[in-house]
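Asker: The following block contains the structure, expressed as structure tokens.
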Amino acid sequence: MRMAKMILLLLLLIVIGIQFIRPARNRQPGPFPADISQVYALPSGVQQLLQQACYDCHSNQTHYPWYASVQPAGWFLQQHVSAGRRDLNFHEFAAYSAKRKQRKLKHMREQLISGRMPPDSYKWLHPEARLTTVQRDSVIRWIDSVLQ
Amino acid sequence: MKRVFISAAVLATIAFAACNSGSQHEANADSSAAVATTPAATVTGDIKTTGAVNTIVDDYLKIKDALANDNDADAAAAGKALAAAVAAADKSGFTPEQQQIFAANEAELKEHGEHISQNTGNIEHQREHFAEMSEDVMELVKTFGGGRTLYKGHCPMYNNNKGADWLTTTSEVKNPYMGAKMLACGSVEELSK
Ligand SMILES: [Zn+2]
């Protein structure tokens with residue numbers, strides 16, 4: 001019995017302890033002169049959709065949900081954001097080579113159509129990222145107009 | 001009681017160390033440019049130039065062989081090496097044209113290498129990256145030379161018959177997109193040098 005109590009106490013201490021280990025947050029102040037809107041004439045609707053459905057993981061400014069302050073959830077979230085930004089960062093888009101820009105748009109198109117992006121795990125807690133077919137198609141149409 | 005506190009402290013330290021190594025990894029990714037500027041020994045520009053792209057082509061060919069053998073783990077290891085080679089490339093001896101071509105493909109090649117290295121168990125995704133990587137390496141080879149005789153293979157069926165190319169050192173077809181399924185499918189032609 002005393003053993004069980006000790007283990008519980010130990011677990012509690014660990015849970016409290018890890019709360020103090022906070023990963024650095026992705027909250028750069030801006031402005032972002034290399035934002036994708038500086039490269040293309042983005043229809044305002046499309047820009048709005050990108051910002052609300054993609055920018056949390058693909059920009060220099062993540063809006064963190066409350067559970068990001070609870071560890072270890074915050075750690076996993078931060079890893080996820082870091083990986084997302086490495087692959088595609090709309091705030092740095094102007095700095096990409098011409099080829100990389102084209103490929104990123106092509107991949108965006110493919111992933112929107114296949115439904116791989118935005119990911120289900122993200123949409124689950126972010127209703128604003130659940131694009132309707134009309135919204136999705138407006139982004140795809142814009143990509144097509146750029147790539148043609 | 002004291003022991004409990006000590007073990008809690010130890011565990012917290014372990015967790016912290018693990019977390020640190022994670023953020024360090026990220027810092028590494030960002031500071032790769034710094035690594036690339038490490039001054040090299042006194043060799044002529046030409047030799048250095050061949051060196052950087054030569055290593056990239058070496059690693060690329062290893063990925064190609066691994067995929068033809070359906071070996072995702074070997075592909076991953078070579079992908080990691082390729083990403084590292086791109087990050088460490090010494091560009092000081094590049095001509096302006098070479099610099100431009102390298103810059104156009106640098107981030108792409110690094111990303112393809114990284115994704116191939118992270119996708120053991122998902123060889124089809126590795127092949128997706130390999131298809132674009134092949135385009136990139138081909139562009140490099142056109143400007144830098146490949147350091148060996150290279151052939152261009154073509155698989156007409158890949159990606160819903162959109163087709164994809166690869167580079168190889170032999171005229172024999174060993175299709176990295178199909179592997180054992182259809183190893184001899186495709187065609188090979190010598191690259192004009
Ligand atoms: Zn990938």
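Within each chain, counting starts at residue 1; across the structure tokens, chains are named A, B, ... in the order shown, with ligands numbered 1 upward in that order.
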List as number ranges by chain the protein and nucleic acid residues lying within 9 Å of ligand 1, with only C-alpha atoms and all ligand atoms counted.
Answerer: A: 87; B: 111-112, 114-116, 118-119, 125-126, 128-129
Asker: Quick one: which residues from chain A are at most 9 Å off chain B, using only C-alpha atoms, as a list in words?
Answerer: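 Residues passing the distance filter: Met6, Ile7, Leu9, Leu10, Leu11, Leu13, Ile14, Gly17, Ile18, Ile21, Arg22, Pro23, Ala24, Trp75, Gln79, Ser82, Arg86, Asp87, Tyr96, Ser97, Ala98, Lys99 and Arg100 of chain A.
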Asker: Keeping only C-alpha atoms, write those residues as a PDB file, in the first residue's frame.
Answerer:
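Output (again-v7.pdb):
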ATOM      1  CA  MET A   6       4.846   6.360  -3.422  1.00  0.00           C
ATOM      2  CA  ILE A   7       4.361   5.542  -7.086  1.00  0.00           C
ATOM      3  CA  LEU A   9       3.259  10.632  -5.727  1.00  0.00           C
ATOM      4  CA  LEU A  10       6.170  10.082  -8.049  1.00  0.00           C
ATOM      5  CA  LEU A  11       3.892  10.221 -11.077  1.00  0.00           C
ATOM      6  CA  LEU A  13       5.737  14.973  -9.380  1.00  0.00           C
ATOM      7  CA  ILE A  14       6.706  14.017 -12.900  1.00  0.00           C
ATOM      8  CA  GLY A  17       7.802  18.683 -13.309  1.00  0.00           C
ATOM      9  CA  ILE A  18       7.336  18.429 -17.047  1.00  0.00           C
ATOM     10  CA  ILE A  21       9.704  22.311 -19.764  1.00  0.00           C
ATOM     11  CA  ARG A  22       8.246  24.491 -22.458  1.00  0.00           C
ATOM     12  CA  PRO A  23       9.404  24.432 -26.046  1.00  0.00           C
ATOM     13  CA  ALA A  24      10.098  27.783 -27.687  1.00  0.00           C
ATOM     14  CA  TRP A  75       5.870  19.100 -27.056  1.00  0.00           C
ATOM     15  CA  GLN A  79       7.307  19.118 -33.218  1.00  0.00           C
ATOM     16  CA  SER A  82       8.357  22.609 -36.771  1.00  0.00           C
ATOM     17  CA  ARG A  86      10.211  23.110 -42.698  1.00  0.00           C
ATOM     18  CA  ASP A  87       8.174  21.711 -45.562  1.00  0.00           C
ATOM     19  CA  TYR A  96      11.899  29.941 -52.447  1.00  0.00           C
ATOM     20  CA  SER A  97      13.465  29.235 -55.826  1.00  0.00           C
ATOM     21  CA  ALA A  98      11.093  29.393 -58.799  1.00  0.00           C
ATOM     22  CA  LYS A  99      11.074  25.614 -59.016  1.00  0.00           C
ATOM     23  CA  ARG A 100      10.340  25.182 -55.330  1.00  0.00           C
TER      24      ARG A 100
END
Asker: What is the CA of Val134 in chain A-CA of Val39 in chain A distance in Å, reported with one decimal?
Answerer: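 CA of Val134 in chain A sits 24.2 Å away from CA of Val39 in chain A.
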Asker: Please determine, counting only C-alpha atoms, which residue among A:His58, A:Gln19, A:Arg130, A:Val139 has the shortest atom-to-atom distance to Gln71 in chain A.
Answerer: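 Among the listed residues, the smallest separation from Gln71 in chain A belongs to A:Gln19.
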Asker: How many Å lie between CA of Lys162 in chain B and CA of Ala131 in chain B, rounded to one decimal?
Answerer: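 These atoms are spaced 11.2 Å apart.
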Asker: Between A:Gln135, A:Gln78, A:Ser121, A:Asn60, which residue has the minimum interatomic distance to Asp35 in chain A, considering only C-alpha atoms?
Answerer: A:Asn60
Asker: Can you pull out the residues contacting Pro31 in chain A? Cut-off 12 Å, using only C-alpha atoms, and skip same-chain residues under 2 positions away; I want them as a PyMOL selection string.
Answerer: chain A and resi 27-29+33-35+38+59-61+91-92
Asker: Extract, using only C-alpha atoms, all DNA, RNA and protein residues at most 7 Å from Ser187 in chain B, discarding same-chain residues fewer than 2 positions from it, and format them as a list in words.
Answerer: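 Once the adjacent positions are removed, what remains is Gly153, His154, Cys155, Val173 and Glu189 of chain B.
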Asker: Take the residues from that selection and write them out as an mmCIF file, in the first residue's frame, keeping C-alpha atoms.
Answerer:
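Output contents, as saved in again-v3.cif:
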data_model
loop_
_atom_site.group_PDB
_atom_site.id
_atom_site.type_symbol
_atom_site.label_atom_id
_atom_site.label_comp_id
_atom_site.auth_asym_id
_atom_site.auth_seq_id
_atom_site.Cartn_x
_atom_site.Cartn_y
_atom_site.Cartn_z
ATOM 1 C CA GLY B 153 16.156 5.702 -67.391
ATOM 2 C CA HIS B 154 12.492 6.286 -68.060
ATOM 3 C CA CYS B 155 9.496 4.563 -66.498
ATOM 4 C CA VAL B 173 17.096 -1.357 -66.773
ATOM 5 C CA GLU B 189 19.367 6.070 -72.989
#
Asker: Quick one: pull the distance between CA of Thr120 in chain B and CA of Asp72 in chain B, Å, one decimal.
Answerer: 5.3 Å
Asker: Can you list, as number ranges by chain, every residue of range 90-175 of chain B that DSSP puts in helix (DSSP H, G or I)?
Answerer: B: 96-118, 123-144, 158-161
Asker: Give me the residues near range 68-70 of chain B as number ranges by chain, where near means some atom within 8 Å (using only C-alpha atoms) and where sequence neighbours in that chain fewer than 4 positions away do not count.
Answerer: B: 64, 123, 174-180, 183
Asker: Out of B:Ala81, B:Cys185, B:Phe102, B:Val86, which residue has the shortest atom-to-atom distance to Glu139 in chain B when counting only C-alpha atoms?
Answerer: B:Phe102
Asker: Quick one: residues within 9 Å of Ile140 in chain A, only C-alpha atoms counted, chain neighbours fewer than 4 positions away excluded, as an MDAnalysis selection string?
Answerer: chainID A and resid 108:109 112:113 135:136 144:145
